[in-house]
file protein.cif (mmCIF, C-alpha atoms)
data_run
loop_
_atom_site.label_atom_id
_atom_site.label_comp_id
_atom_site.auth_asym_id
_atom_site.auth_seq_id
_atom_site.Cartn_x
_atom_site.Cartn_y
_atom_site.Cartn_z
CA MET A 1 -10.25 -1.06 29.87
CA TYR A 2 -9.29 -3.01 26.75
CA THR A 3 -8.52 -6.67 26.14
CA VAL A 4 -5.89 -7.59 23.53
CA ARG A 5 -5.56 -11.05 22.04
CA GLN A 6 -4.06 -12.67 18.98
CA TYR A 7 -6.12 -13.33 15.87
CA THR A 8 -7.22 -16.92 15.17
CA ALA A 9 -8.82 -18.54 12.14
CA GLN A 10 -12.18 -18.47 13.95
CA ASP A 11 -12.05 -14.66 13.82
CA TYR A 12 -11.95 -14.55 10.00
CA GLU A 13 -15.43 -13.10 9.42
CA ALA A 14 -15.32 -10.69 12.38
CA TRP A 15 -11.93 -9.40 11.24
CA ASN A 16 -13.04 -8.80 7.65
CA SER A 17 -16.30 -7.14 8.71
CA PHE A 18 -14.41 -4.71 10.91
CA VAL A 19 -11.94 -3.85 8.11
CA ALA A 20 -14.79 -3.14 5.70
CA ALA A 21 -16.48 -0.77 8.17
CA SER A 22 -13.29 0.95 9.38
CA LYS A 23 -12.24 4.49 8.54
CA ASN A 24 -8.71 3.62 7.46
CA GLY A 25 -8.76 -0.01 6.34
CA THR A 26 -8.50 -1.26 2.75
CA PHE A 27 -8.85 -4.66 1.09
CA LEU A 28 -5.15 -5.31 1.81
CA PHE A 29 -6.15 -5.99 5.42
CA ASN A 30 -8.82 -8.53 4.44
CA ARG A 31 -7.64 -11.95 5.62
CA GLY A 32 -8.27 -13.31 2.14
CA PHE A 33 -5.55 -10.99 0.86
CA MET A 34 -3.18 -11.22 3.82
CA GLU A 35 -3.07 -14.99 3.85
CA TYR A 36 -1.96 -15.54 0.27
CA HIS A 37 1.59 -15.33 1.63
CA ALA A 38 0.93 -16.73 5.11
CA ASP A 39 3.76 -19.26 4.67
CA ARG A 40 6.32 -16.43 4.53
CA PHE A 41 5.47 -14.82 7.87
CA THR A 42 4.73 -15.76 11.46
CA ASP A 43 1.41 -14.04 11.93
CA CYS A 44 1.00 -12.01 15.10
CA SER A 45 -2.10 -10.02 14.20
CA LEU A 46 -3.97 -8.60 17.18
CA MET A 47 -7.58 -7.80 18.00
CA VAL A 48 -8.58 -5.32 20.70
CA PHE A 49 -11.90 -5.52 22.54
CA GLU A 50 -13.83 -3.26 24.86
CA GLY A 51 -15.83 -5.84 26.73
CA GLN A 52 -17.20 -8.03 23.95
CA LYS A 53 -17.02 -5.28 21.32
CA LEU A 54 -14.21 -5.33 18.75
CA VAL A 55 -12.70 -1.82 18.59
CA ALA A 56 -9.36 -2.15 16.76
CA LEU A 57 -7.19 -4.47 14.66
CA LEU A 58 -3.44 -4.71 14.16
CA PRO A 59 -2.26 -6.72 11.13
CA ALA A 60 1.19 -7.89 12.22
CA ASN A 61 3.91 -10.51 12.05
CA ARG A 62 6.65 -11.48 14.50
CA ILE A 63 10.36 -12.12 14.11
CA GLY A 64 12.14 -13.05 17.33
CA ASN A 65 11.55 -10.36 19.93
CA SER A 66 10.18 -7.84 17.40
CA VAL A 67 6.68 -7.36 15.99
CA TYR A 68 6.01 -5.55 12.71
CA SER A 69 2.82 -3.99 11.43
CA HIS A 70 2.75 -6.51 8.71
CA GLN A 71 5.88 -6.73 6.54
CA GLY A 72 3.92 -8.39 3.74
CA LEU A 73 1.71 -5.32 3.25
CA THR A 74 2.46 -1.99 1.59
CA TYR A 75 1.13 -0.09 4.60
CA GLY A 76 -0.24 -0.98 8.01
CA GLY A 77 -0.76 0.11 11.57
CA LEU A 78 -3.84 0.28 13.72
CA ILE A 79 -7.22 -0.23 12.02
CA ILE A 80 -9.97 1.71 13.79
CA ASN A 81 -13.60 2.67 13.29
CA ASN A 82 -15.21 6.05 12.70
CA LYS A 83 -15.96 6.56 16.38
CA ALA A 84 -12.35 6.19 17.58
CA ARG A 85 -11.08 9.47 19.01
CA GLN A 86 -7.57 10.59 19.84
CA GLU A 87 -7.86 9.71 23.54
CA THR A 88 -9.10 6.24 22.62
CA VAL A 89 -6.20 5.54 20.26
CA ILE A 90 -3.63 6.58 22.84
CA ILE A 91 -5.10 4.07 25.27
CA LEU A 92 -5.30 1.44 22.51
CA LEU A 93 -1.60 1.87 21.74
CA LYS A 94 -0.76 1.63 25.45
CA SER A 95 -2.78 -1.59 25.71
CA ILE A 96 -1.08 -3.11 22.66
CA LEU A 97 2.43 -2.18 23.80
CA HIS A 98 1.73 -3.56 27.26
CA TYR A 99 0.37 -6.79 25.78
CA LEU A 100 3.38 -7.21 23.49
CA GLU A 101 5.78 -6.61 26.36
CA ARG A 102 4.11 -9.39 28.34
CA GLN A 103 4.56 -11.65 25.30
CA GLY A 104 8.32 -11.08 25.31
CA VAL A 105 8.32 -8.54 22.48
CA GLU A 106 10.83 -5.72 22.92
CA ILE A 107 10.38 -3.60 19.78
CA PHE A 108 7.25 -2.74 17.80
CA PHE A 109 7.77 -1.52 14.21
CA VAL A 110 4.98 0.45 12.55
CA LYS A 111 4.59 1.35 8.88
CA THR A 112 1.84 3.96 8.69
CA ILE A 113 -1.11 4.10 6.31
CA PRO A 114 -0.62 7.08 3.95
CA VAL A 115 -3.31 9.70 4.46
CA ILE A 116 -4.66 9.28 0.93
CA TYR A 117 -6.02 5.86 1.90
CA HIS A 118 -8.07 7.19 4.84
CA LYS A 119 -11.79 7.43 4.20
CA ILE A 120 -11.94 10.18 6.82
CA PRO A 121 -9.01 11.77 8.76
CA SER A 122 -7.21 9.08 10.75
CA GLN A 123 -3.76 10.03 11.99
CA GLU A 124 -4.43 9.38 15.66
CA ILE A 125 -1.82 6.63 15.77
CA GLU A 126 0.96 8.97 14.60
CA TYR A 127 0.28 11.32 17.51
CA ALA A 128 0.09 8.41 19.95
CA LEU A 129 3.45 7.12 18.68
CA PHE A 130 4.95 10.58 19.24
CA LEU A 131 3.77 10.49 22.85
CA ALA A 132 5.35 7.04 23.23
CA LYS A 133 8.65 8.46 21.93
CA ALA A 134 8.67 6.28 18.83
CA ILE A 135 11.69 6.81 16.58
CA LEU A 136 11.27 7.66 12.90
CA VAL A 137 13.46 5.07 11.14
CA ARG A 138 12.36 5.48 7.53
CA ARG A 139 10.43 7.92 5.37
CA ASP A 140 9.31 7.15 1.82
CA SER A 141 8.14 9.72 -0.71
CA LEU A 142 5.10 8.68 -2.75
CA SER A 143 4.25 10.32 -6.07
CA VAL A 144 0.53 11.07 -5.97
CA ILE A 145 -1.93 12.81 -8.26
CA GLU A 146 -4.86 14.56 -6.62
CA ASN A 147 -7.35 14.66 -9.46
CA ALA A 148 -9.17 17.74 -8.21
CA SER A 149 -6.01 19.86 -8.46
CA ARG A 150 -3.73 18.02 -10.87
CA PRO A 151 -1.06 20.05 -12.69
CA LYS A 152 -0.91 19.80 -16.47
CA ILE A 153 0.84 16.77 -17.95
CA ALA A 154 4.33 17.71 -19.15
CA ASN A 155 5.00 18.17 -22.85
CA ASN A 156 7.59 15.39 -22.96
CA ARG A 157 4.97 12.92 -21.72
CA MET A 158 2.50 14.11 -24.34
CA GLU A 159 5.05 13.38 -27.04
CA GLY A 160 5.00 9.74 -25.94
CA VAL A 161 1.21 9.76 -25.87
CA LYS A 162 1.11 11.05 -29.46
CA LYS A 163 3.45 8.22 -30.52
CA GLY A 164 1.08 5.72 -28.94
CA LEU A 165 -1.88 7.23 -30.76
CA SER A 166 -0.07 7.23 -34.11
CA ASN A 167 0.86 3.57 -33.57
CA ASN A 168 -2.83 2.72 -32.98
CA PHE A 169 -2.16 1.29 -29.54
CA THR A 170 -5.07 0.27 -27.33
CA VAL A 171 -5.31 0.00 -23.54
CA VAL A 172 -7.41 -2.88 -22.26
CA GLU A 173 -8.07 -4.63 -18.98
CA SER A 174 -6.49 -8.06 -19.29
CA GLN A 175 -6.58 -11.39 -17.46
CA ASP A 176 -3.25 -12.42 -18.97
CA TYR A 177 -1.04 -12.02 -15.90
CA LYS A 178 1.23 -14.79 -17.15
CA GLY A 179 1.82 -13.04 -20.48
CA PHE A 180 2.58 -9.68 -18.86
CA TRP A 181 4.90 -11.25 -16.29
CA GLN A 182 6.84 -13.41 -18.74
CA ASP A 183 6.95 -11.13 -21.78
CA VAL A 184 7.38 -7.71 -20.14
CA LEU A 185 7.76 -7.49 -16.35
CA LEU A 186 10.30 -10.23 -15.62
CA PRO A 187 12.63 -9.39 -18.55
CA ASN A 188 12.47 -5.67 -17.77
CA LEU A 189 13.25 -6.08 -14.05
CA ALA A 190 16.06 -8.52 -14.78
CA ARG A 191 17.57 -6.26 -17.44
CA LYS A 192 17.38 -2.98 -15.51
CA HIS A 193 17.62 -3.98 -11.85
CA ASN A 194 18.64 -7.65 -11.72
CA ALA A 195 15.50 -8.15 -9.64
CA LYS A 196 12.22 -10.08 -9.54
CA PRO A 197 8.73 -8.84 -8.67
CA VAL A 198 7.43 -9.48 -5.16
CA HIS A 199 4.48 -11.45 -6.53
CA THR A 200 4.54 -14.36 -8.96
CA TYR A 201 1.96 -14.31 -11.72
CA GLU A 202 0.26 -17.30 -10.07
CA GLU A 203 -0.13 -15.28 -6.86
CA MET A 204 -1.51 -12.33 -8.77
CA GLU A 205 -4.01 -14.53 -10.57
CA ARG A 206 -5.15 -15.95 -7.24
CA ILE A 207 -5.58 -12.67 -5.41
CA HIS A 208 -7.19 -11.06 -8.48
CA LYS A 209 -9.73 -13.89 -8.45
CA ASN A 210 -10.46 -13.15 -4.78
CA PHE A 211 -10.61 -9.37 -5.29
CA PRO A 212 -11.64 -8.77 -8.93
CA GLU A 213 -12.97 -5.26 -8.22
CA ASN A 214 -9.80 -4.18 -6.45
CA ILE A 215 -6.98 -5.77 -8.46
CA LYS A 216 -6.83 -5.22 -12.21
CA LEU A 217 -4.23 -5.62 -14.93
CA PHE A 218 -4.13 -3.06 -17.73
CA VAL A 219 -1.95 -3.57 -20.79
CA VAL A 220 -1.07 -1.84 -24.05
CA GLN A 221 -1.75 -4.19 -26.93
CA HIS A 222 -0.68 -4.01 -30.54
CA GLU A 223 -1.35 -6.77 -33.04
CA GLY A 224 -2.02 -9.20 -30.20
CA LYS A 225 1.25 -8.47 -28.40
CA ILE A 226 1.60 -6.96 -24.90
CA LEU A 227 3.94 -3.96 -25.07
CA ALA A 228 3.48 -2.48 -21.58
CA GLY A 229 1.32 -2.98 -18.55
CA THR A 230 0.57 -2.22 -14.93
CA VAL A 231 -1.36 -3.76 -12.06
CA ILE A 232 -3.74 -1.40 -10.29
CA PHE A 233 -4.76 -1.89 -6.65
CA GLU A 234 -8.00 0.06 -6.24
CA THR A 235 -9.37 1.21 -2.86
CA ASP A 236 -12.20 3.57 -1.93
CA THR A 237 -10.08 6.66 -2.50
CA VAL A 238 -7.01 5.56 -4.47
CA ALA A 239 -5.91 3.84 -7.66
CA HIS A 240 -2.40 2.57 -6.87
CA ALA A 241 0.03 1.40 -9.54
CA GLN A 242 1.61 -1.74 -8.10
CA TYR A 243 3.74 -2.64 -11.13
CA ILE A 244 4.87 -0.37 -13.96
CA SER A 245 6.70 -1.96 -16.86
CA GLY A 246 7.20 -1.72 -20.62
CA ASN A 247 9.30 -3.51 -23.18
CA GLU A 248 12.64 -2.24 -24.47
CA ASP A 249 10.97 -0.14 -27.18
CA LYS A 250 8.71 1.83 -24.82
CA GLY A 251 10.68 5.05 -25.27
CA ILE A 252 10.48 4.79 -29.05
CA THR A 253 6.87 3.67 -29.35
CA GLY A 254 5.41 5.64 -26.41
CA SER A 255 3.65 2.55 -25.03
CA LEU A 256 4.16 3.29 -21.33
CA ASP A 257 3.36 7.00 -21.67
CA PHE A 258 0.21 6.12 -23.59
CA LEU A 259 -0.85 3.56 -20.96
CA TYR A 260 -0.58 6.01 -18.08
CA TYR A 261 -2.23 8.82 -19.97
CA GLU A 262 -5.25 6.57 -20.45
CA LEU A 263 -5.23 5.42 -16.81
CA VAL A 264 -4.92 8.90 -15.32
CA ASN A 265 -7.17 10.80 -17.73
CA ARG A 266 -9.85 8.26 -18.54
CA LEU A 267 -10.00 5.05 -16.55
CA TYR A 268 -9.28 6.49 -13.09
CA SER A 269 -10.08 10.17 -13.42
CA HIS A 270 -13.01 9.61 -11.03
CA LYS A 271 -10.74 8.54 -8.16
CA LYS A 272 -9.70 11.09 -5.57
CA TYR A 273 -6.05 10.05 -5.89
CA PHE A 274 -3.79 8.20 -8.27
CA ASP A 275 -0.76 6.78 -6.44
CA PHE A 276 2.34 5.93 -8.48
CA GLY A 277 4.02 4.67 -5.30
CA THR A 278 7.54 5.30 -4.11
CA SER A 279 10.69 6.01 -6.09
CA ASN A 280 12.92 5.38 -3.08
CA GLU A 281 15.67 2.87 -2.45
CA GLN A 282 17.82 1.98 0.56
CA GLN A 283 15.00 2.29 3.11
CA GLY A 284 14.02 5.75 1.86
CA ARG A 285 17.57 7.14 1.96
CA GLN A 286 17.94 7.39 -1.82
CA LEU A 287 15.68 8.76 -4.55
CA ASN A 288 15.55 7.33 -8.06
CA ARG A 289 15.29 10.75 -9.63
CA GLY A 290 14.60 9.47 -13.15
CA LEU A 291 11.64 7.42 -11.95
CA ALA A 292 10.37 10.27 -9.75
CA PHE A 293 10.69 12.70 -12.68
CA TRP A 294 8.65 10.39 -14.93
CA LYS A 295 5.84 10.17 -12.37
CA GLU A 296 5.88 13.89 -11.67
CA SER A 297 5.59 14.57 -15.39
CA TYR A 298 2.00 13.36 -15.11
CA GLY A 299 1.25 15.89 -12.38
CA ALA A 300 2.12 13.71 -9.38
CA ARG A 301 3.50 15.40 -6.28
CA THR A 302 4.91 14.09 -3.02
CA ILE A 303 3.22 12.80 0.08
CA ILE A 304 5.13 10.82 2.69
CA GLN A 305 4.81 7.45 4.42
CA ASP A 306 6.56 7.13 7.76
CA PHE A 307 8.00 4.08 9.51
CA TYR A 308 8.57 3.99 13.28
CA GLU A 309 9.99 1.76 15.95
CA VAL A 310 9.00 1.96 19.60
CA PRO A 311 10.13 -0.09 22.61
CA THR A 312 7.15 -1.90 24.07
CA ALA A 313 8.23 -0.76 27.55
CA ASN A 314 7.34 2.76 26.49
CA HIS A 315 3.70 2.02 27.25
CA ALA A 316 4.53 3.56 30.65
CA LEU A 317 5.02 6.95 28.94
CA LEU A 318 1.34 7.01 28.06
CA ASP A 319 0.20 6.95 31.69
CA ALA A 320 0.34 10.70 32.26
CA VAL A 321 -0.47 12.36 28.94
CA PHE A 322 -4.02 13.51 29.70
CA VAL A 323 -4.82 16.82 31.41
#
call {"tool": "encode", "arguments": {"input": "protein.cif", "output": "structure tokens"}}
result
Amino acid sequence: MYTVRQYTAQDYEAWNSFVAASKNGTFLFNRGFMEYHADRFTDCSLMVFEGQKLVALLPANRIGNSVYSHQGLTYGGLIINNKARQETVIILLKSILHYLERQGVEIFFVKTIPVIYHKIPSQEIEYALFLAKAILVRRDSLSVIENASRPKIANNRMEGVKKGLSNNFTVVESQDYKGFWQDVLLPNLARKHNAKPVHTYEEMERIHKNFPENIKLFVVQHEGKILAGTVIFETDTVAHAQYISGNEDKGITGSLDFLYYELVNRLYSHKKYFDFGTSNEQQGRQLNRGLAFWKESYGARTIIQDFYEVPTANHALLDAVFV
């Protein structure tokens, strides 16, 4: 019923058009975004057709005998259109698993798209994975504000906001990715976590140039100096904080509290959701409670993102699920 084949460069426009019209795709699945780090992954993205009609996409990469719904993306899974129904998605998953098995792939790993990113309800793939006896291997907790029902910001956060106001701080959209990376983000990550950000500032500049309406840097400035900042990835329904960082004085000056007060209450109050992202470590098995507490102080509460693995041979389990 369906034909599955691997994506090629000739499919660039068709792929992007489908993502834009899908019910659960975001700009992260646009090939212009995915391919900024193409050298790091062996692409194994799939396209599914009904006759000549494109009906689904799977952004993916391959390592050995395993395929992942793309490891270079925050979320992934099957991209489908508004007309895709539950029965259809079950058959789509069966077709993909069968195809992967024929390609020598033994295990398919899926990181799901959190529900807040769906334009309309789109959890068909989760049910199909259940039928295929997929195993839940990881669960992350995301701290999310729903603006229509957001709890009041905690008093301890407001104290930081008042400090920022008294210090005459300003929040501006900036193009100075290099300055934020070198003066704030890199030193802060090295000092607190002995880590580096996933993206370099050159990469961020490049993908911001390709997606200026979706990727924005906001910073707290004072006397020409960047004190704190964050990169926002904006989709149809969500403003997602990709990086959150302030200098060593942020607790004293209130720079980070002031920044997020402005983002949540003014700059992105029109969005359905504000996503602070995960506070998990060790594949979801540990919670950074201090970080989670800070996010929840703004009124964020938990939604989950699940990660599954399923043997490709399990496509046979989907043969007899309909009554």
call {"tool": "resolve_selection", "arguments": {"input": "protein.cif", "expression": "the PyMOL selection byres ((chain A and resi 92-106) around 8)", "output": "count of residues only"}}
result
25
call {"tool": "atom_distance", "arguments": {"input": "protein.cif", "atom1": "atom CA of Arg157 of chain A", "atom2": "atom CA of Gln283 of chain A"}}
result
28.8 Å
call {"tool": "residues_around", "arguments": {"input": "protein.cif", "residues": "segment 216-222 of chain A", "least_positions_apart": "2", "cutoff": "10 Å", "atoms": "only C-alpha atoms", "output": "PyMOL selection string"}}
result
chain A and resi 164+167-177+180+204-205+208-209+211-214+224-234+241-243+245-246+255-256+258-260+263
call {"tool": "resolve_selection", "arguments": {"input": "protein.cif", "expression": "the PyMOL selection byres ((chain A and resi 118) around 9)", "output": "MDAnalysis selection string"}}
result
chainID A and resid 23:26 113:117 119:123 236:237
call {"tool": "resolve_selection", "arguments": {"input": "protein.cif", "expression": "the PyMOL selection byres ((chain A and resi 285) around 12)", "output": "ChimeraX atom specification"}}
result
/A:137-141,278-284,286-288
call {"tool": "write_last_selection", "arguments": {"input": "protein.cif", "atoms": "C-alpha atoms", "output": "short mmCIF file (atom, residue, chain, number, x, y, z; two decimals), keeping the file's coordinate frame"}}
result
data_model
loop_
_atom_site.label_atom_id
_atom_site.label_comp_id
_atom_site.auth_asym_id
_atom_site.auth_seq_id
_atom_site.Cartn_x
_atom_site.Cartn_y
_atom_site.Cartn_z
CA VAL A 137 13.46 5.07 11.14
CA ARG A 138 12.36 5.48 7.53
CA ARG A 139 10.43 7.92 5.37
CA ASP A 140 9.31 7.15 1.82
CA SER A 141 8.14 9.72 -0.71
CA THR A 278 7.54 5.30 -4.11
CA SER A 279 10.69 6.01 -6.09
CA ASN A 280 12.92 5.38 -3.08
CA GLU A 281 15.67 2.87 -2.45
CA GLN A 282 17.82 1.98 0.56
CA GLN A 283 15.00 2.29 3.11
CA GLY A 284 14.02 5.75 1.86
CA GLN A 286 17.94 7.39 -1.82
CA LEU A 287 15.68 8.76 -4.55
CA ASN A 288 15.55 7.33 -8.06
#
call {"tool": "closest_residue", "arguments": {"input": "protein.cif", "among": "A:Phe109, A:Tyr7, A:Trp15, A:Tyr127", "to": "Gly32 of chain A", "atoms": "all atoms listed in the file"}}
result
A:Trp15
call {"tool": "residues_around", "arguments": {"input": "protein.cif", "residues": "Asn30 of chain A", "least_positions_apart": "6", "cutoff": "9 Å", "atoms": "only C-alpha atoms", "output": "JSON, numbers by chain"}}
result
{"A": [12, 15, 16, 17, 19, 20]}
call {"tool": "residues_around", "arguments": {"input": "protein.cif", "residues": "Ile252 of chain A", "least_positions_apart": "2", "cutoff": "10 Å", "atoms": "only C-alpha atoms", "output": "PyMOL selection string"}}
result
chain A and resi 160+163-164+248-250+254-255
call {"tool": "atom_distance", "arguments": {"input": "protein.cif", "atom1": "atom CA of His37 of chain A", "atom2": "atom CA of Gly72 of chain A"}}
result
7.6 Å
call {"tool": "closest_residue", "arguments": {"input": "protein.cif", "among": "A:Ile80, A:Asp39, A:Asp11, A:Leu267", "to": "Asn61 of chain A", "atoms": "all atoms listed in the file"}}
result
A:Asp39
call {"tool": "closest_residue", "arguments": {"input": "protein.cif", "among": "A:Asn210, A:Asn147, A:Ser45, A:Thr112", "to": "Tyr268 of chain A", "atoms": "only C-alpha atoms"}}
result
A:Asn147
call {"tool": "closest_residue", "arguments": {"input": "protein.cif", "among": "A:Arg5, A:Lys196, A:His240, A:His270", "to": "Leu142 of chain A", "atoms": "all atoms listed in the file"}}
result
A:His240
call {"tool": "residues_around", "arguments": {"input": "protein.cif", "residues": "Trp294 of chain A", "least_positions_apart": "6", "cutoff": "10 Å", "atoms": "only C-alpha atoms", "output": "MDAnalysis selection string"}}
result
chainID A and resid 143 154 156:157 257 300
call {"tool": "closest_residue", "arguments": {"input": "protein.cif", "among": "A:Lys83, A:Lys295, A:Arg289, A:Lys111", "to": "Pro59 of chain A", "atoms": "all atoms listed in the file"}}
result
A:Lys111
call {"tool": "atom_distance", "arguments": {"input": "protein.cif", "atom1": "atom CA of Glu309 of chain A", "atom2": "atom CA of Ile63 of chain A"}}
result
14.0 Å
call {"tool": "closest_residue", "arguments": {"input": "protein.cif", "among": "A:Thr302, A:Asn188, A:Asn247, A:Gln86", "to": "Phe274 of chain A", "atoms": "all atoms listed in the file"}}
result
A:Thr302
